[in-house]
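Here's protein-v8.cif, which has mmCIF, C-alpha atoms:
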data_entry
loop_
_atom_site.label_atom_id
_atom_site.label_comp_id
_atom_site.auth_asym_id
_atom_site.auth_seq_id
_atom_site.Cartn_x
_atom_site.Cartn_y
_atom_site.Cartn_z
CA MET X 1 17.96 -1.64 10.48
CA ARG X 2 14.75 0.04 11.58
CA GLY X 3 11.73 -0.04 9.37
CA PRO X 4 9.44 2.83 8.39
CA PRO X 5 7.53 4.68 11.14
CA ILE X 6 4.33 2.64 10.81
CA ASP X 7 1.93 4.91 12.72
CA GLU X 8 3.15 8.01 10.88
CA CYS X 9 2.82 6.27 7.51
CA ALA X 10 -0.70 5.08 8.36
CA SER X 11 -1.74 8.60 9.38
CA ILE X 12 -0.44 10.06 6.11
CA LEU X 13 -2.14 7.36 4.10
CA PHE X 14 -5.54 7.62 5.77
CA GLU X 15 -5.46 11.43 5.78
CA ARG X 16 -4.82 11.55 2.04
CA GLY X 17 -7.44 8.92 1.34
CA GLY X 18 -10.10 10.53 3.51
CA VAL X 19 -11.30 7.19 4.90
CA ARG X 20 -10.16 4.59 7.42
CA PRO X 21 -10.16 1.33 5.43
CA GLU X 22 -11.99 -1.70 6.79
CA VAL X 23 -10.31 -4.05 4.31
CA HIS X 24 -6.69 -4.28 3.10
CA ILE X 25 -6.20 -6.16 -0.17
CA VAL X 26 -2.70 -7.01 -1.37
CA LEU X 27 -2.82 -7.24 -5.15
CA GLY X 28 -0.77 -9.99 -6.76
CA SER X 29 -0.05 -10.86 -10.35
CA GLY X 30 -3.23 -10.79 -12.40
CA LEU X 31 -5.33 -9.00 -9.77
CA GLY X 32 -4.90 -5.47 -11.10
CA GLY X 33 -8.52 -5.46 -12.29
CA VAL X 34 -9.66 -5.17 -8.67
CA ALA X 35 -8.37 -1.60 -8.67
CA GLU X 36 -10.78 -0.74 -11.49
CA ARG X 37 -13.67 -1.40 -9.10
CA MET X 38 -12.50 1.31 -6.70
CA GLU X 39 -14.68 4.39 -6.29
CA ASP X 40 -13.04 7.76 -5.56
CA ALA X 41 -9.61 6.12 -5.39
CA VAL X 42 -6.63 8.15 -4.20
CA ALA X 43 -3.16 6.83 -5.08
CA VAL X 44 -0.29 7.18 -2.62
CA PRO X 45 3.06 5.98 -4.01
CA PHE X 46 5.24 4.02 -1.59
CA GLY X 47 7.97 6.61 -2.04
CA ASP X 48 5.69 9.30 -0.54
CA LEU X 49 5.75 7.53 2.83
CA PRO X 50 8.72 8.04 5.18
CA GLY X 51 11.10 5.09 5.20
CA PHE X 52 9.47 3.35 2.22
CA PRO X 53 11.66 2.64 -0.80
CA GLU X 54 10.37 2.89 -4.34
CA ALA X 55 9.08 -0.43 -5.73
CA SER X 56 11.63 -1.89 -8.12
CA VAL X 57 10.11 -5.08 -9.56
CA SER X 58 8.66 -4.82 -13.06
CA GLY X 59 4.88 -5.06 -13.00
CA HIS X 60 4.61 -3.94 -9.37
CA GLU X 61 3.21 -0.43 -9.36
CA GLY X 62 4.41 0.45 -5.86
CA CYS X 63 1.51 2.35 -4.36
CA PHE X 64 -1.50 2.20 -2.11
CA LEU X 65 -4.97 3.00 -3.44
CA ILE X 66 -7.55 4.18 -0.93
CA GLY X 67 -11.23 4.35 -1.77
CA ARG X 68 -14.36 2.26 -1.68
CA ILE X 69 -15.57 -0.91 -3.33
CA GLU X 70 -19.36 -1.24 -3.19
CA GLY X 71 -19.40 1.31 -0.37
CA THR X 72 -16.81 -0.42 1.82
CA PRO X 73 -13.65 1.58 2.63
CA VAL X 74 -10.74 -0.36 1.11
CA LEU X 75 -6.96 -0.07 1.02
CA LEU X 76 -5.41 -1.73 -2.02
CA GLN X 77 -1.70 -2.43 -2.02
CA SER X 78 -0.31 -2.54 -5.55
CA GLY X 79 3.25 -3.81 -5.36
CA ARG X 80 5.34 -5.52 -2.74
CA PHE X 81 8.90 -5.65 -1.45
CA HIS X 82 10.80 -8.93 -1.56
CA PHE X 83 13.74 -10.50 0.22
CA TYR X 84 15.29 -11.32 -3.17
CA GLU X 85 15.50 -7.56 -3.81
CA GLY X 86 17.74 -7.27 -0.77
CA PHE X 87 15.12 -5.86 1.61
CA GLY X 88 14.98 -6.95 5.24
CA ALA X 89 11.91 -8.13 7.13
CA GLU X 90 11.11 -4.59 8.34
CA ILE X 91 10.61 -3.34 4.77
CA VAL X 92 8.98 -6.52 3.43
CA ALA X 93 6.33 -6.43 6.19
CA ALA X 94 5.86 -2.64 6.35
CA PRO X 95 3.03 -2.27 3.79
CA VAL X 96 0.89 -4.86 5.59
CA ARG X 97 1.67 -3.34 8.98
CA VAL X 98 0.66 0.12 7.74
CA GLY X 99 -2.71 -1.24 6.62
CA ARG X 100 -3.55 -2.81 9.95
#
Can you give me the file's structure in the form of structure tokens?
Amino acid sequence: MRGPPIDECASILFERGGVRPEVHIVLGSGLGGVAERMEDAVAVPFGDLPGFPEASVSGHEGCFLIGRIEGTPVLLQSGRFHFYEGFGAEIVAAPVRVGR
């Protein structure tokens, strides 16, 4: 199985967000408060990106947030894909690869 088109997804993400992030933060359980520090945040749901499934685990929002924290362009990843959900390595790694 092929994964999402990484370069196309990154272009969509950065175009919508209006910035090229310098930092990519993957939010885990209990780290949702980091998103509250974002300035001018734009949310892009995983499902809006070609080849990305919707997030299905309770408590995982399933989107990217693009904005700034203390002036630094940041990409926050809220939600992840897991092997135990039946996803292959291409999907599990895709959000991190898009944020490269």
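Under the PyMOL selection byres ((chain X and resi 99) around 9), the matching residues in the shown file are Ala10, Leu13, Pro21, Val23, His24, Leu75, Gln77, Ala94, Pro95, Val96, Arg97, Val98 and Arg100 of chain X.
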As a check of understanding, name the residues that the PyMOL selection byres ((chain X and resi 29-32) around 12) selects in the supplied structure, as a tab-separated table (two decimals) with C-alpha atoms, in the frame of the given file.
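See selection-v8.tsv below for the written result:
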chain	number	residue	atom	x	y	z
X	25	ILE	CA	-6.20	-6.16	-0.17
X	26	VAL	CA	-2.70	-7.01	-1.37
X	27	LEU	CA	-2.82	-7.24	-5.15
X	28	GLY	CA	-0.77	-9.99	-6.76
X	33	GLY	CA	-8.52	-5.46	-12.29
X	34	VAL	CA	-9.66	-5.17	-8.67
X	35	ALA	CA	-8.37	-1.60	-8.67
X	36	GLU	CA	-10.78	-0.74	-11.49
X	37	ARG	CA	-13.67	-1.40	-9.10
X	38	MET	CA	-12.50	1.31	-6.70
X	57	VAL	CA	10.11	-5.08	-9.56
X	58	SER	CA	8.66	-4.82	-13.06
X	59	GLY	CA	4.88	-5.06	-13.00
X	60	HIS	CA	4.61	-3.94	-9.37
X	61	GLU	CA	3.21	-0.43	-9.36
X	65	LEU	CA	-4.97	3.00	-3.44
X	76	LEU	CA	-5.41	-1.73	-2.02
X	77	GLN	CA	-1.70	-2.43	-2.02
X	78	SER	CA	-0.31	-2.54	-5.55
X	79	GLY	CA	3.25	-3.81	-5.36
X	80	ARG	CA	5.34	-5.52	-2.74
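Of the listed residues (X:Cys63, X:Val42, X:Ala93, X:Ile69), X:Val42 comes nearest to X:Phe14; the distances count all atoms listed in the file.
Of the residues listed (X:Phe81, X:Glu8, X:Ile91, X:Arg16), X:Arg16 shows the shortest atom-to-atom separation from X:Ala41; distances use all atoms listed in the file.
Between X:Ile12 and the candidates X:Val92, X:Phe64, X:Glu39, X:Phe87, the tightest atom-to-atom separation, counting all atoms listed in the file, involves X:Phe64.
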Residues near X:Pro4, cut-off 7 Å, all atoms listed in the file, skip fewer than 6 positions along chain, as a PyMOL selection string: chain X and resi 50-52+94
Any idea what the distance is between atom CA of X:Glu70 and atom CA of X:Arg20? 15.2 Å
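The space separating atom CA of X:Val44 from atom CA of X:Glu85 comes to 21.6 Å.
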Just to confirm, what's the straight-line distance from atom CA of X:Glu54 to atom CA of X:Gly17 in Å (one decimal)? 19.6 Å
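Using all atoms listed in the file, the nearest neighbour of X:Pro53 within the list X:Gly18, X:Pro73, X:Gly67, X:Gly3 is X:Gly3.
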Saved stretch 24-50 of chain X from the preceding structure, N, CA and C atoms, as a CSV table (one decimal), in the first residue's frame:
chain,number,residue,atom,x,y,z
X,24,HIS,N,8.0,21.2,14.6
X,24,HIS,CA,6.8,20.3,14.5
X,24,HIS,C,6.7,19.6,15.8
X,25,ILE,N,5.6,19.9,16.5
X,25,ILE,CA,5.3,19.3,17.8
X,25,ILE,C,4.2,18.3,17.7
X,26,VAL,N,4.4,17.0,18.1
X,26,VAL,CA,3.4,16.0,18.1
X,26,VAL,C,2.8,16.0,19.5
X,27,LEU,N,1.5,16.4,19.6
X,27,LEU,CA,0.9,16.4,20.9
X,27,LEU,C,0.5,15.0,21.3
X,28,GLY,N,0.8,14.7,22.6
X,28,GLY,CA,0.4,13.4,23.2
X,28,GLY,C,-0.6,13.7,24.3
X,29,SER,N,-1.0,12.6,24.9
X,29,SER,CA,-2.0,12.7,26.0
X,29,SER,C,-1.6,13.8,27.0
X,30,GLY,N,-2.4,14.7,27.4
X,30,GLY,CA,-2.1,15.7,28.4
X,30,GLY,C,-1.4,16.9,27.9
X,31,LEU,N,-1.1,17.0,26.6
X,31,LEU,CA,-0.4,18.1,26.0
X,31,LEU,C,-1.2,19.1,25.2
X,32,GLY,N,-2.5,18.9,25.3
X,32,GLY,CA,-3.4,19.7,24.5
X,32,GLY,C,-3.3,21.2,24.9
X,33,GLY,N,-2.9,21.6,26.1
X,33,GLY,CA,-2.7,22.9,26.5
X,33,GLY,C,-1.7,23.7,25.6
X,34,VAL,N,-0.8,23.0,25.0
X,34,VAL,CA,0.2,23.7,24.1
X,34,VAL,C,-0.5,24.4,23.0
X,35,ALA,N,-1.6,23.8,22.5
X,35,ALA,CA,-2.3,24.4,21.4
X,35,ALA,C,-2.9,25.8,21.8
X,36,GLU,N,-3.2,26.0,23.1
X,36,GLU,CA,-3.8,27.2,23.5
X,36,GLU,C,-2.8,28.4,23.4
X,37,ARG,N,-1.5,28.0,23.3
X,37,ARG,CA,-0.5,29.1,23.2
X,37,ARG,C,-0.3,29.5,21.8
X,38,MET,N,-0.9,28.9,20.8
X,38,MET,CA,-0.8,29.2,19.4
X,38,MET,C,-1.4,30.6,19.1
X,39,GLU,N,-0.7,31.3,18.3
X,39,GLU,CA,-1.2,32.6,17.8
X,39,GLU,C,-1.6,32.4,16.3
X,40,ASP,N,-2.8,33.0,16.0
X,40,ASP,CA,-3.3,32.9,14.6
X,40,ASP,C,-3.3,31.5,14.0
X,41,ALA,N,-3.7,30.5,14.9
X,41,ALA,CA,-3.7,29.1,14.5
X,41,ALA,C,-4.8,28.8,13.4
X,42,VAL,N,-4.4,28.0,12.4
X,42,VAL,CA,-5.3,27.5,11.4
X,42,VAL,C,-5.3,26.0,11.5
X,43,ALA,N,-6.5,25.5,11.7
X,43,ALA,CA,-6.7,24.0,11.8
X,43,ALA,C,-6.9,23.4,10.4
X,44,VAL,N,-6.2,22.3,10.2
X,44,VAL,CA,-6.3,21.5,9.0
X,44,VAL,C,-6.6,20.0,9.4
X,45,PRO,N,-7.8,19.6,9.3
X,45,PRO,CA,-8.1,18.2,9.7
X,45,PRO,C,-7.4,17.2,8.8
X,46,PHE,N,-6.9,16.1,9.4
X,46,PHE,CA,-6.2,15.0,8.6
X,46,PHE,C,-7.0,14.7,7.4
X,47,GLY,N,-8.3,14.5,7.5
X,47,GLY,CA,-9.2,14.1,6.4
X,47,GLY,C,-9.2,15.1,5.2
X,48,ASP,N,-8.7,16.3,5.4
X,48,ASP,CA,-8.6,17.3,4.3
X,48,ASP,C,-7.4,17.1,3.4
X,49,LEU,N,-6.5,16.2,3.8
X,49,LEU,CA,-5.3,16.0,3.1
X,49,LEU,C,-5.4,14.6,2.3
X,50,PRO,N,-5.0,14.6,1.0
X,50,PRO,CA,-5.1,13.4,0.2
X,50,PRO,C,-4.4,12.2,0.8
